[in-house]
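J.: What follows is work32.txt, compact mmCIF, C-alpha atoms and all ligand atoms.
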```
# COMPACT_ATOMS: atom_id res chain seq x y z
CA MET A 1 -148.53 -92.64 236.71
CA LYS A 2 -151.89 -93.70 235.34
CA ILE A 3 -153.50 -96.42 237.38
CA GLY A 4 -154.85 -99.11 235.07
CA LEU A 5 -157.01 -102.16 235.51
CA PRO A 6 -155.61 -105.28 237.23
CA ARG A 7 -155.17 -108.23 234.89
CA GLY A 8 -158.22 -110.43 234.41
CA VAL A 9 -160.85 -107.99 235.65
CA GLN A 10 -163.07 -105.69 233.65
CA ASP A 11 -165.45 -102.80 233.95
CA ILE A 12 -169.02 -103.56 233.09
CA LEU A 13 -169.88 -100.36 231.29
CA PRO A 14 -173.44 -99.00 230.97
CA GLU A 15 -173.75 -100.30 227.38
CA GLU A 16 -173.32 -103.85 228.70
CA ILE A 17 -175.78 -103.55 231.53
CA PRO A 18 -178.91 -104.42 229.48
CA TYR A 19 -177.43 -107.92 228.98
CA TRP A 20 -176.87 -108.31 232.71
CA HIS A 21 -180.35 -107.12 233.56
CA LEU A 22 -181.91 -109.43 230.99
CA ILE A 23 -180.03 -112.48 232.27
CA GLU A 24 -180.66 -111.67 235.91
CA LYS A 25 -184.35 -110.98 235.30
CA THR A 26 -184.83 -114.17 233.28
CA ALA A 27 -183.00 -116.32 235.83
CA ARG A 28 -184.75 -114.82 238.84
CA SER A 29 -188.19 -115.37 237.38
CA ILE A 30 -187.38 -119.01 236.56
CA PHE A 31 -185.86 -119.65 240.00
CA GLU A 32 -188.91 -118.24 241.73
CA LYS A 33 -191.26 -120.43 239.67
CA TYR A 34 -189.37 -123.52 240.81
CA ASN A 35 -189.66 -122.32 244.41
CA TYR A 36 -186.08 -121.16 244.99
CA GLU A 37 -185.34 -118.19 247.25
CA GLU A 38 -182.44 -115.80 246.91
CA ILE A 39 -179.47 -115.87 249.26
CA ARG A 40 -176.56 -113.42 249.47
CA THR A 41 -173.47 -114.70 251.22
CA PRO A 42 -170.24 -112.77 251.92
CA ILE A 43 -167.62 -112.20 249.21
CA PHE A 44 -164.88 -113.48 251.54
CA GLU A 45 -164.87 -116.43 253.90
CA TYR A 46 -162.29 -118.24 255.99
CA THR A 47 -159.80 -119.91 253.64
CA GLU A 48 -160.43 -123.21 255.40
CA LEU A 49 -163.97 -123.30 253.99
CA PHE A 50 -162.68 -123.75 250.44
CA VAL A 51 -159.72 -125.94 251.37
CA LYS A 52 -162.06 -128.39 253.10
CA GLY A 53 -164.97 -128.19 250.65
CA THR A 54 -163.72 -127.39 247.16
CA GLY A 55 -160.79 -129.66 247.99
CA GLU A 56 -157.12 -129.21 248.78
CA THR A 57 -155.89 -131.01 245.66
CA THR A 58 -158.09 -129.08 243.23
CA ASP A 59 -156.65 -126.46 240.86
CA ILE A 60 -158.88 -123.88 242.50
CA VAL A 61 -157.39 -124.38 245.95
CA MET A 62 -153.84 -125.20 244.92
CA LYS A 63 -153.35 -122.40 242.40
CA GLU A 64 -156.25 -120.04 242.02
CA MET A 65 -157.40 -118.55 245.30
CA TYR A 66 -157.08 -114.91 246.27
CA THR A 67 -156.04 -115.46 249.84
CA PHE A 68 -154.96 -112.77 252.30
CA THR A 69 -154.33 -112.34 255.97
CA ASP A 70 -156.37 -109.74 257.82
CA LYS A 71 -155.04 -107.45 260.53
CA LYS A 72 -155.64 -110.08 263.19
CA GLY A 73 -153.70 -112.72 261.25
CA ARG A 74 -156.77 -114.68 260.05
CA SER A 75 -156.56 -116.27 256.63
CA LEU A 76 -159.42 -115.15 254.40
CA THR A 77 -160.19 -115.92 250.75
CA LEU A 78 -162.28 -114.17 248.12
CA ARG A 79 -164.84 -116.78 247.17
CA PRO A 80 -163.75 -118.75 244.09
CA GLU A 81 -167.18 -120.42 243.85
CA GLY A 82 -170.59 -120.15 245.47
CA THR A 83 -171.38 -123.54 246.97
CA PRO A 84 -169.15 -123.55 250.10
CA GLY A 85 -170.53 -120.20 251.30
CA VAL A 86 -174.12 -121.38 250.88
CA ILE A 87 -173.45 -124.56 252.84
CA ARG A 88 -171.69 -122.55 255.53
CA ALA A 89 -174.73 -120.25 255.73
CA TYR A 90 -176.97 -123.32 256.01
CA LEU A 91 -174.93 -124.54 258.98
CA THR A 92 -174.27 -121.15 260.61
CA ASN A 93 -177.99 -120.41 260.61
CA LYS A 94 -178.96 -124.01 261.49
CA ILE A 95 -181.45 -124.01 258.63
CA TYR A 96 -181.69 -127.80 258.85
CA THR A 97 -183.47 -127.55 262.21
CA SER A 98 -186.44 -125.78 260.64
CA LYS A 99 -186.44 -126.65 256.94
CA PRO A 100 -186.40 -130.20 255.62
CA VAL A 101 -185.60 -128.85 252.15
CA TRP A 102 -183.78 -125.64 251.36
CA LYS A 103 -183.75 -124.38 247.79
CA VAL A 104 -181.77 -121.19 247.21
CA TYR A 105 -180.22 -119.22 244.37
CA TYR A 106 -177.46 -116.64 244.21
CA ILE A 107 -176.05 -114.16 241.75
CA GLY A 108 -172.66 -112.55 242.30
CA PRO A 109 -168.92 -112.21 241.66
CA MET A 110 -166.36 -115.01 242.10
CA PHE A 111 -162.57 -114.73 242.03
CA ARG A 112 -159.98 -117.11 240.62
CA TYR A 113 -156.36 -116.46 239.81
CA GLU A 114 -156.48 -118.03 236.34
CA ARG A 115 -154.75 -117.19 233.09
CA PRO A 116 -157.07 -114.64 231.54
CA GLN A 117 -158.38 -115.24 228.02
CA ALA A 118 -161.67 -114.85 226.18
CA GLY A 119 -164.36 -116.17 228.51
CA ARG A 120 -161.94 -116.63 231.42
CA TYR A 121 -161.41 -113.85 233.92
CA ARG A 122 -160.09 -113.36 237.43
CA GLN A 123 -163.28 -111.72 238.59
CA PHE A 124 -166.32 -113.24 236.96
CA HIS A 125 -169.95 -113.66 237.87
CA GLN A 126 -172.03 -116.71 238.45
CA LEU A 127 -175.64 -117.34 239.08
CA GLY A 128 -176.60 -120.65 240.50
CA VAL A 129 -178.78 -122.75 242.75
CA GLU A 130 -178.23 -125.10 245.68
CA VAL A 131 -180.73 -127.61 247.02
CA LEU A 132 -180.21 -129.12 250.46
CA GLY A 133 -182.20 -132.02 251.85
CA ARG A 134 -183.27 -133.96 248.76
CA LYS A 135 -181.65 -137.16 247.68
CA ASP A 136 -184.20 -138.27 245.06
CA PRO A 137 -183.19 -138.34 241.38
CA TYR A 138 -186.10 -136.11 240.34
CA ILE A 139 -184.33 -133.16 241.93
CA ASP A 140 -181.14 -133.83 239.90
CA PHE A 141 -183.35 -133.58 236.86
CA GLU A 142 -184.97 -130.39 238.16
CA VAL A 143 -181.63 -128.67 238.72
CA ILE A 144 -180.42 -129.53 235.21
CA ASN A 145 -183.77 -128.55 233.75
CA ILE A 146 -183.67 -125.11 235.39
CA ALA A 147 -180.25 -124.39 233.89
CA VAL A 148 -181.48 -125.47 230.47
CA GLU A 149 -184.64 -123.43 230.83
CA ILE A 150 -182.64 -120.27 231.54
CA LEU A 151 -180.55 -120.82 228.40
CA LYS A 152 -183.59 -121.64 226.30
CA SER A 153 -185.51 -118.61 227.54
CA LEU A 154 -182.61 -116.53 226.28
CA GLU A 155 -182.97 -118.35 222.95
CA LEU A 156 -179.50 -119.78 223.12
CA GLU A 157 -178.73 -122.24 220.37
CA ASN A 158 -176.30 -125.17 220.09
CA ILE A 159 -176.34 -126.16 223.71
CA GLU A 160 -175.68 -129.64 224.95
CA VAL A 161 -176.06 -131.22 228.39
CA GLU A 162 -173.25 -133.59 229.25
CA ILE A 163 -173.84 -135.84 232.21
CA ASN A 164 -171.95 -138.45 234.18
CA SER A 165 -171.98 -140.11 237.59
CA LEU A 166 -169.03 -140.19 239.97
CA GLY A 167 -170.52 -142.70 242.40
CA CYS A 168 -170.75 -142.45 246.16
CA SER A 169 -168.64 -143.19 249.22
CA GLN A 170 -169.44 -146.89 248.68
CA CYS A 171 -168.22 -147.26 245.13
CA ARG A 172 -165.83 -144.33 244.71
CA PRO A 173 -162.91 -145.96 246.63
CA LYS A 174 -162.79 -148.80 244.07
CA TYR A 175 -162.69 -146.33 241.22
CA ARG A 176 -160.01 -144.33 242.99
CA GLU A 177 -157.87 -147.44 243.38
CA ALA A 178 -158.29 -148.32 239.70
CA LEU A 179 -157.24 -144.82 238.68
CA LYS A 180 -154.29 -144.92 241.01
CA SER A 181 -152.98 -148.18 239.65
CA TYR A 182 -153.54 -146.97 236.06
CA PHE A 183 -151.59 -143.71 236.50
CA SER A 184 -148.92 -145.39 238.67
CA LYS A 185 -147.77 -147.18 235.54
CA TYR A 186 -146.95 -143.80 234.01
CA GLU A 187 -145.63 -142.10 237.12
CA ASP A 188 -142.45 -140.99 235.37
CA LEU A 189 -144.48 -138.93 232.91
CA LEU A 190 -146.36 -137.05 235.62
CA SER A 191 -145.53 -133.50 236.73
CA PRO A 192 -144.69 -133.00 240.44
CA ILE A 193 -148.20 -131.67 241.08
CA ASP A 194 -149.84 -134.71 239.42
CA LYS A 195 -147.50 -137.06 241.31
CA GLU A 196 -148.72 -135.51 244.52
CA ARG A 197 -152.30 -135.96 243.31
CA LEU A 198 -151.60 -139.60 242.51
CA GLU A 199 -150.95 -140.15 246.19
CA ARG A 200 -153.57 -137.89 247.66
CA ASN A 201 -156.42 -137.79 245.13
CA PRO A 202 -155.89 -139.53 241.79
CA LEU A 203 -159.24 -138.23 240.46
CA ARG A 204 -157.75 -134.77 240.20
CA ILE A 205 -155.14 -135.97 237.69
CA LEU A 206 -158.05 -136.04 235.28
CA ASP A 207 -158.21 -132.21 235.42
CA SER A 208 -154.59 -131.96 234.33
CA LYS A 209 -153.91 -129.67 231.40
CA ASP A 210 -150.54 -131.37 230.82
CA GLU A 211 -150.31 -132.65 227.21
CA LYS A 212 -148.90 -136.05 228.21
CA VAL A 213 -151.55 -136.60 230.82
CA ILE A 214 -154.31 -135.56 228.44
CA SER A 215 -153.39 -138.42 226.10
CA LEU A 216 -153.09 -140.86 229.03
CA LYS A 217 -156.57 -139.91 230.16
CA GLU A 218 -158.04 -141.43 227.01
CA ASP A 219 -157.59 -144.95 228.32
CA ALA A 220 -158.02 -144.23 232.02
CA PRO A 221 -160.72 -146.14 233.93
CA GLN A 222 -164.13 -144.42 233.94
CA PRO A 223 -166.36 -143.93 236.97
CA LEU A 224 -169.52 -145.32 235.31
CA ASP A 225 -167.88 -148.77 235.22
CA PHE A 226 -167.50 -148.76 238.99
CA LEU A 227 -170.95 -147.58 240.13
CA CYS A 228 -172.70 -149.57 242.85
CA GLU A 229 -176.30 -150.70 242.27
CA ASP A 230 -177.85 -147.68 244.02
CA CYS A 231 -175.73 -145.19 242.14
CA LYS A 232 -176.49 -146.90 238.87
CA LYS A 233 -180.25 -146.81 239.56
CA HIS A 234 -180.03 -143.15 240.52
CA PHE A 235 -178.17 -142.29 237.32
CA ASP A 236 -180.61 -144.24 235.15
CA LYS A 237 -183.55 -142.42 236.70
CA VAL A 238 -182.00 -139.01 236.17
CA THR A 239 -181.29 -139.71 232.50
CA ASN A 240 -184.74 -141.21 232.12
CA TYR A 241 -186.36 -138.03 233.46
CA LEU A 242 -184.28 -135.98 231.04
CA SER A 243 -185.60 -138.14 228.20
CA ILE A 244 -189.20 -137.84 229.39
CA ALA A 245 -188.81 -134.05 229.35
CA ASN A 246 -187.33 -134.24 225.85
CA LEU A 247 -184.18 -132.64 227.05
CA ASN A 248 -181.20 -133.49 224.89
CA TYR A 249 -178.28 -134.90 226.80
CA LYS A 250 -175.15 -136.87 226.18
CA ILE A 251 -173.53 -139.22 228.64
CA ASN A 252 -169.90 -138.16 228.85
CA PRO A 253 -168.08 -140.91 230.80
CA LYS A 254 -164.98 -138.72 231.04
CA LEU A 255 -166.67 -135.78 232.73
CA VAL A 256 -165.33 -135.43 236.30
CA ARG A 257 -165.45 -131.65 237.09
CA GLY A 258 -162.67 -129.95 238.98
CA LEU A 259 -164.11 -129.89 242.48
CA ASP A 260 -163.76 -132.54 245.14
CA TYR A 261 -167.15 -132.66 246.73
CA TYR A 262 -169.21 -134.17 243.94
CA THR A 263 -170.95 -137.52 244.34
CA ARG A 264 -173.18 -139.22 241.83
CA THR A 265 -174.54 -136.83 239.19
CA VAL A 266 -172.20 -134.30 237.59
CA PHE A 267 -173.12 -132.29 234.54
CA GLU A 268 -172.02 -129.47 232.29
CA ILE A 269 -173.81 -127.51 229.65
CA THR A 270 -171.55 -126.71 226.75
CA THR A 271 -171.94 -124.93 223.46
CA THR A 272 -170.24 -125.45 220.16
CA THR A 273 -169.79 -121.73 219.66
CA LEU A 274 -167.49 -120.74 222.53
CA GLY A 275 -164.24 -122.37 221.45
CA ALA A 276 -161.97 -123.63 224.21
CA GLN A 277 -163.99 -122.15 227.07
CA ASN A 278 -167.07 -124.03 225.97
CA ALA A 279 -168.76 -124.71 229.31
CA VAL A 280 -171.46 -122.27 230.34
CA VAL A 281 -172.91 -124.23 233.25
CA GLY A 282 -171.41 -126.76 235.63
CA GLY A 283 -172.98 -128.60 238.50
CA GLY A 284 -173.66 -131.77 240.35
CA ARG A 285 -174.63 -133.56 243.52
CA TYR A 286 -172.66 -133.35 246.77
CA ASP A 287 -174.16 -135.74 249.29
CA ASN A 288 -171.26 -135.59 251.77
CA LEU A 289 -170.40 -131.91 251.77
CA VAL A 290 -172.59 -130.82 254.67
CA GLU A 291 -171.09 -133.61 256.76
CA THR A 292 -167.58 -132.66 255.68
CA TYR A 293 -168.24 -129.29 257.29
CA GLY A 294 -169.27 -130.96 260.52
CA GLY A 295 -173.01 -130.79 259.86
CA PRO A 296 -175.65 -133.52 259.73
CA GLN A 297 -175.86 -136.08 256.91
CA ILE A 298 -177.81 -133.93 254.44
CA PRO A 299 -177.60 -134.45 250.67
CA GLY A 300 -177.21 -131.52 248.32
CA LEU A 301 -176.77 -130.47 244.73
CA GLY A 302 -176.55 -127.39 242.54
CA PHE A 303 -175.19 -125.68 239.49
CA ALA A 304 -173.39 -122.47 238.57
CA LEU A 305 -173.70 -120.58 235.31
CA GLY A 306 -171.01 -118.17 234.09
CA ILE A 307 -172.68 -114.86 233.23
CA GLU A 308 -169.79 -113.42 231.16
CA ARG A 309 -169.70 -116.53 228.98
CA LEU A 310 -173.43 -116.40 228.52
CA ILE A 311 -173.16 -112.77 227.39
CA LEU A 312 -170.44 -113.70 224.88
CA LEU A 313 -172.83 -116.26 223.46
CA LEU A 314 -175.77 -113.93 223.32
CA LYS A 315 -173.66 -111.37 221.49
CA GLN A 316 -172.49 -113.95 218.96
CA GLN A 317 -176.07 -114.76 218.17
CA ALA A 318 -176.91 -111.08 217.92
CA LYS A 319 -180.57 -111.90 218.31
CA LEU A 320 -181.21 -110.08 221.48
CA GLY A 321 -183.92 -107.48 221.11
CA ILE A 322 -183.05 -105.27 224.02
CA GLU A 323 -185.42 -102.36 223.70
CA LYS A 324 -184.15 -98.96 224.59
CA GLN A 325 -186.49 -96.51 226.22
CA LYS A 326 -186.92 -93.33 224.17
CA LEU A 327 -185.01 -90.32 225.48
CA LEU A 328 -186.75 -86.97 225.88
CA PHE A 329 -184.76 -83.76 226.15
CA LEU A 330 -186.17 -80.69 227.84
CA ALA A 331 -184.97 -77.28 226.65
CA ILE A 332 -186.06 -73.67 227.19
CA GLU A 333 -185.96 -70.57 225.06
CA ASP A 334 -184.50 -68.43 227.84
CA GLU A 335 -183.99 -68.34 231.56
CA ASN A 336 -187.48 -66.90 232.20
CA TYR A 337 -188.82 -70.43 231.85
CA LEU A 338 -186.40 -72.07 234.23
CA LYS A 339 -189.00 -72.47 236.97
CA LYS A 340 -191.51 -73.90 234.52
CA ALA A 341 -188.91 -76.32 233.17
CA ILE A 342 -188.13 -77.66 236.63
CA GLU A 343 -191.83 -78.09 237.38
CA ILE A 344 -192.45 -79.94 234.11
CA SER A 345 -189.35 -82.12 234.47
CA GLN A 346 -190.57 -83.26 237.88
CA VAL A 347 -193.72 -84.63 236.27
CA LEU A 348 -192.02 -86.00 233.16
CA GLN A 349 -189.36 -87.93 235.03
CA LYS A 350 -191.99 -89.87 236.90
CA ASN A 351 -193.09 -91.31 233.56
CA PHE A 352 -190.32 -91.08 230.96
CA LYS A 353 -186.58 -91.05 230.49
CA VAL A 354 -185.75 -87.35 230.45
CA GLU A 355 -182.54 -85.36 230.16
CA VAL A 356 -182.88 -81.75 231.21
CA GLY A 357 -180.64 -79.45 229.16
CA PRO A 358 -178.20 -76.85 230.49
CA LEU A 359 -181.07 -74.39 231.08
CA GLU A 360 -178.84 -71.39 231.71
CA GLU A 361 -177.25 -71.68 228.28
CA PRO A 362 -178.72 -70.42 224.96
CA LEU A 363 -181.31 -72.64 223.30
CA ARG A 364 -178.84 -73.37 220.50
CA ALA A 365 -176.37 -74.87 222.96
CA GLN A 366 -179.09 -76.92 224.59
CA LEU A 367 -180.19 -78.34 221.23
CA ARG A 368 -176.62 -79.13 220.25
CA LEU A 369 -176.27 -81.25 223.36
CA ALA A 370 -179.61 -82.96 222.67
CA ASP A 371 -178.27 -83.95 219.27
CA LYS A 372 -174.95 -85.17 220.64
CA ILE A 373 -176.48 -87.41 223.28
CA GLY A 374 -178.91 -88.91 220.80
CA ALA A 375 -182.21 -87.60 222.20
CA ASP A 376 -185.27 -88.94 220.39
CA PHE A 377 -187.54 -85.99 221.11
CA VAL A 378 -186.90 -82.47 222.31
CA LEU A 379 -189.49 -80.57 224.31
CA ILE A 380 -189.04 -76.81 224.04
CA ILE A 381 -190.64 -74.25 226.29
CA ASN A 382 -190.97 -70.93 224.49
CA SER A 383 -192.76 -67.65 225.04
CA SER A 384 -195.47 -67.84 222.36
CA LEU A 385 -196.65 -71.28 223.43
CA ILE A 386 -196.33 -71.22 227.18
CA GLU A 387 -198.88 -68.36 227.42
CA ARG A 388 -201.44 -70.81 226.02
CA ASN A 389 -200.06 -73.60 228.20
CA PHE A 390 -198.57 -75.43 225.24
CA ILE A 391 -195.12 -76.86 224.64
CA LYS A 392 -193.31 -77.64 221.40
CA ILE A 393 -192.15 -81.17 220.69
CA ARG A 394 -189.63 -81.97 217.95
CA ASP A 395 -188.95 -85.45 216.69
CA PHE A 396 -185.19 -85.24 216.50
CA LYS A 397 -184.83 -87.93 213.87
CA SER A 398 -187.45 -86.67 211.39
CA GLY A 399 -187.36 -82.99 212.32
CA GLU A 400 -191.16 -83.01 212.56
CA GLU A 401 -192.61 -80.56 215.09
CA LYS A 402 -195.92 -80.04 216.81
CA ASN A 403 -197.39 -78.23 219.74
CA ILE A 404 -198.99 -80.15 222.56
CA SER A 405 -201.02 -79.05 225.51
CA ILE A 406 -199.25 -79.19 228.87
CA ASP A 407 -202.53 -80.17 230.53
CA ASN A 408 -202.45 -83.58 228.91
CA LEU A 409 -198.72 -83.83 228.32
CA ILE A 410 -198.32 -87.30 229.80
CA GLU A 411 -201.23 -88.79 227.87
CA THR A 412 -200.06 -87.29 224.58
CA LEU A 413 -196.47 -88.44 225.10
CA ASN A 414 -197.69 -91.89 226.04
CA THR A 415 -199.39 -92.26 222.69
CA MET A 416 -196.39 -90.83 220.83
CA LEU A 417 -193.59 -92.88 222.38
P1 LIG A 501 -167.11 -124.33 237.40
O1 LIG A 501 -167.89 -124.71 238.59
O2 LIG A 501 -165.68 -123.99 237.67
O3 LIG A 501 -167.27 -125.31 236.28
O4 LIG A 501 -167.77 -122.98 236.88
C1 LIG A 501 -169.08 -122.95 236.41
C2 LIG A 501 -169.20 -121.96 235.29
O5 LIG A 501 -168.68 -120.69 235.68
C3 LIG A 501 -168.37 -122.32 234.07
O6 LIG A 501 -169.09 -123.20 233.25
C4 LIG A 501 -168.16 -120.99 233.42
O7 LIG A 501 -169.28 -120.60 232.67
C5 LIG A 501 -168.02 -120.06 234.60
N1 LIG A 501 -166.60 -119.81 234.93
C6 LIG A 501 -165.78 -120.56 235.68
N2 LIG A 501 -164.56 -120.01 235.78
C7 LIG A 501 -164.60 -118.85 235.08
C8 LIG A 501 -163.67 -117.80 234.80
N3 LIG A 501 -162.44 -117.81 235.30
N4 LIG A 501 -164.08 -116.78 234.03
C9 LIG A 501 -165.34 -116.73 233.52
N5 LIG A 501 -166.26 -117.68 233.76
C10 LIG A 501 -165.91 -118.73 234.52
```
Render the structure in this file as structure tokens.
Ligand code: AMP

T.:
Amino acid sequence: MKIGLPRGVQDILPEEIPYWHLIEKTARSIFEKYNYEEIRTPIFEYTELFVKGTGETTDIVMKEMYTFTDKKGRSLTLRPEGTPGVIRAYLTNKIYTSKPVWKVYYIGPMFRYERPQAGRYRQFHQLGVEVLGRKDPYIDFEVINIAVEILKSLELENIEVEINSLGCSQCRPKYREALKSYFSKYEDLLSPIDKERLERNPLRILDSKDEKVISLKEDAPQPLDFLCEDCKKHFDKVTNYLSIANLNYKINPKLVRGLDYYTRTVFEITTTTLGAQNAVVGGGRYDNLVETYGGPQIPGLGFALGIERLILLLKQQAKLGIEKQKLLFLAIEDENYLKKAIEISQVLQKNFKVEVGPLEEPLRAQLRLADKIGADFVLIINSSLIERNFIKIRDFKSGEEKNISIDNLIETLNTML
């Protein structure tokens, strides 16, 4: 039996890697400029971390986690998102005792048992940031701005920031009650899972993909109408900063995001070119999460960007000038020059991309391989030239040949490539 690939996961083959490198390089350099440091947290954590943080009535926790029991009977889960692990690391390492503000970024795989489709996978990658210890609205702006800057640096078009506020522990209960009484009127139309949510967390009904619920959501109460004075001021300042920076945004009063820990600002960056899976970035503020995990009262916020979706977008635009390094191929006339070839390759490979041919085979066979692998130039060591310390170089595309001195091989190649 051939062993295939599990559903929803994919190989990232070498041809794809330039996209990954470009995105990672662009994001890292932007993160560093805004004074964020990298963190790498484990791929699996105790299941409880996500149940408590992401939220037990969310789709992620109810339906999508890869949970397993280890040999000692502990329940572990492959991380479905990055934030809980970062907060756990913050608490485990008592960062709050030494750093009033902690700004970190991560890049890595996440796992969700979702129905796979274009732009939706079971293993996917996110890069994102988390800020702990700042409650001021400027930092909400900064976090959104960083996400936008990454997309703009990659010359992504047709992006839109959608923003909303979910209020805080003061005003949220009123909104929750309003939602509950609204959906209670339609209880008979709700699925068992949404009925349970009605009791435990009516906000999560708004994530429902159920057709009937989707139409009910149209007239459901909206969190902006329930904000307390402080939350309203905070939201106004954030949107004001976005305007000052000339950053296009749209207030989307229906945006709630599918995770439980958000307070105040939530946002998504969407594009018109991705179809149904149109969100590339999602994020928001979580002022109670650290406390939920038993830590001090420390505010936080962050975003996550889906790398696979970003790559789909970049490919659609087909604008990406990823430059390929020229490939040199080293061949020899016969085995007498094997030693010389190894010596030369040692020097060449410190400077260029070089494939050394099958030196024990006839020159013809070596050149055939050079052609097949798409070498740009072939360097040939042969008897008449090597006596004079020269080597032949052939431009494989044009067929042009010339002899160059081995003494200044690197310099000559540098000017040619
Ligand atoms: P979320 O916090 O769930 O909104 O995720 C943030 C971003 O991660 C989304 O906007 C997507 O770009 C990406 N993402 C989330 N789930 C998946 C998935 N199953 N497959 C691919 N990308 C995803």

J.: Select, from A:Gly306, A:Pro192, A:Gly167, A:Pro18, the residue with the minimum atom-to-atom distance to ligand LIG 501 (chain A), counting only C-alpha atoms and all ligand atoms.

T.: A:Gly306

J.: Quick one: of A:Leu49, A:Ile17, A:Ile139, A:Leu328, who's nearest to Lys237 in chain A, counting all atoms listed in the file?

T.: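 With all atoms listed in the file as the atom set, the closest residue is A:Ile139.
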
J.: Set up a box along x, y and z of the file covering all listed atoms of ligand LIG 501 (chain A), add 5 Å on every one of the six sides, and write the centre and edge lengths in Å to one decimal, as AutoDock Vina command-line options.

T.:
```
--center_x -165.9 --center_y -121.0 --center_z 235.6 --size_x 16.8 --size_y 18.6 --size_z 15.9
```

J.: Write out as a PyMOL selection string each polymer residue (protein, DNA or RNA) that has an atom no more than 10 Å from ligand LIG 501 (chain A), with all atoms listed in the file counted.

T.: chain A and resi 8-9+54+59-60+64+80-83+109-128+257-259+267-270+277-284+302-310

J.: With a distance cut-off of 12 Å and only C-alpha atoms, select the neighbouring residues of Asp407 in chain A, excluding the residue or stretch itself and same-chain residues fewer than 6 positions from it, and output the selection as a PyMOL selection string.

T.: chain A and resi 344+347+386+388-391+413

J.: Would you put the residues from that selection into a file with C-alpha atoms, as a PDB file, keeping the file's coordinate frame?

T.:
```
ATOM      1  CA  ILE A 344    -192.450 -79.940 234.110  1.00  0.00           C
ATOM      2  CA  VAL A 347    -193.720 -84.630 236.270  1.00  0.00           C
ATOM      3  CA  ILE A 386    -196.330 -71.220 227.180  1.00  0.00           C
ATOM      4  CA  ARG A 388    -201.440 -70.810 226.020  1.00  0.00           C
ATOM      5  CA  ASN A 389    -200.060 -73.600 228.200  1.00  0.00           C
ATOM      6  CA  PHE A 390    -198.570 -75.430 225.240  1.00  0.00           C
ATOM      7  CA  ILE A 391    -195.120 -76.860 224.640  1.00  0.00           C
ATOM      8  CA  LEU A 413    -196.470 -88.440 225.100  1.00  0.00           C
TER       9      LEU A 413
END
```

J.: Quote the spacing between CA of Pro223 in chain A and CA of Leu166 in chain A in Å to one decimal place.

T.: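 Taking CA of Pro223 in chain A as the start and CA of Leu166 in chain A as the end point, the length is 5.5 Å.
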
J.: Between CA of Arg28 in chain A and CA of Tyr105 in chain A, what distance in Å does the model show, to one decimal?

T.: 8.4 Å

J.: Name all residues at most 8 Å from range 377-382 of chain A (count all atoms listed in the file; drop same-chain ones fewer than 2 positions away) and give them as a compact mmCIF listing (two decimals) with C-alpha atoms, in the frame of the given file.

T.:
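And here's out01.txt as it stands now:
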```txt
# COMPACT_ATOMS: atom_id res chain seq x y z
CA LYS A 326 -186.92 -93.33 224.17
CA LEU A 327 -185.01 -90.32 225.48
CA LEU A 328 -186.75 -86.97 225.88
CA PHE A 329 -184.76 -83.76 226.15
CA LEU A 330 -186.17 -80.69 227.84
CA ALA A 331 -184.97 -77.28 226.65
CA ILE A 332 -186.06 -73.67 227.19
CA GLU A 333 -185.96 -70.57 225.06
CA ASP A 334 -184.50 -68.43 227.84
CA TYR A 337 -188.82 -70.43 231.85
CA ALA A 341 -188.91 -76.32 233.17
CA LEU A 367 -180.19 -78.34 221.23
CA ALA A 370 -179.61 -82.96 222.67
CA ALA A 375 -182.21 -87.60 222.20
CA SER A 384 -195.47 -67.84 222.36
CA LEU A 385 -196.65 -71.28 223.43
CA ILE A 386 -196.33 -71.22 227.18
CA ILE A 391 -195.12 -76.86 224.64
CA LYS A 392 -193.31 -77.64 221.40
CA ILE A 393 -192.15 -81.17 220.69
CA ARG A 394 -189.63 -81.97 217.95
CA ASP A 395 -188.95 -85.45 216.69
CA PHE A 396 -185.19 -85.24 216.50
CA LYS A 397 -184.83 -87.93 213.87
```

J.: Which residue is closest to Glu196 in chain A? Choose from A:Met62, A:Ile23, A:Ile410, A:Val104 and count all atoms listed in the file.

T.: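 Looking at the shortest contact to Glu196 in chain A, the residue is A:Met62.
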
J.: Find the spatial neighbours of Glu37 in chain A, counting all atoms listed in the file, within a cut-off of 10 Å - ignore same-chain residues fewer than 3 positions away - and output them as a PyMOL selection string.

T.: chain A and resi 28+31-34+102-106+129

J.: Could those residues be written to a file, using C-alpha atoms, as a PDB file, in the coordinates of the input?

T.:
```pdb
ATOM      1  CA  ARG A  28    -184.750-114.820 238.840  1.00  0.00           C
ATOM      2  CA  PHE A  31    -185.860-119.650 240.000  1.00  0.00           C
ATOM      3  CA  GLU A  32    -188.910-118.240 241.730  1.00  0.00           C
ATOM      4  CA  LYS A  33    -191.260-120.430 239.670  1.00  0.00           C
ATOM      5  CA  TYR A  34    -189.370-123.520 240.810  1.00  0.00           C
ATOM      6  CA  TRP A 102    -183.780-125.640 251.360  1.00  0.00           C
ATOM      7  CA  LYS A 103    -183.750-124.380 247.790  1.00  0.00           C
ATOM      8  CA  VAL A 104    -181.770-121.190 247.210  1.00  0.00           C
ATOM      9  CA  TYR A 105    -180.220-119.220 244.370  1.00  0.00           C
ATOM     10  CA  TYR A 106    -177.460-116.640 244.210  1.00  0.00           C
ATOM     11  CA  VAL A 129    -178.780-122.750 242.750  1.00  0.00           C
TER      12      VAL A 129
END
```

J.: Quick one, how far is CA of Glu38 in chain A from CA of Leu76 in chain A?

T.: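 Distance reported for this atom pair: 24.2 Å.
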
J.: Rank nothing, just name the residue among A:Ser243, A:Ser165, A:Gln325, A:Gln297 nearest to Arg264 in chain A, using all atoms listed in the file.

T.: A:Ser165
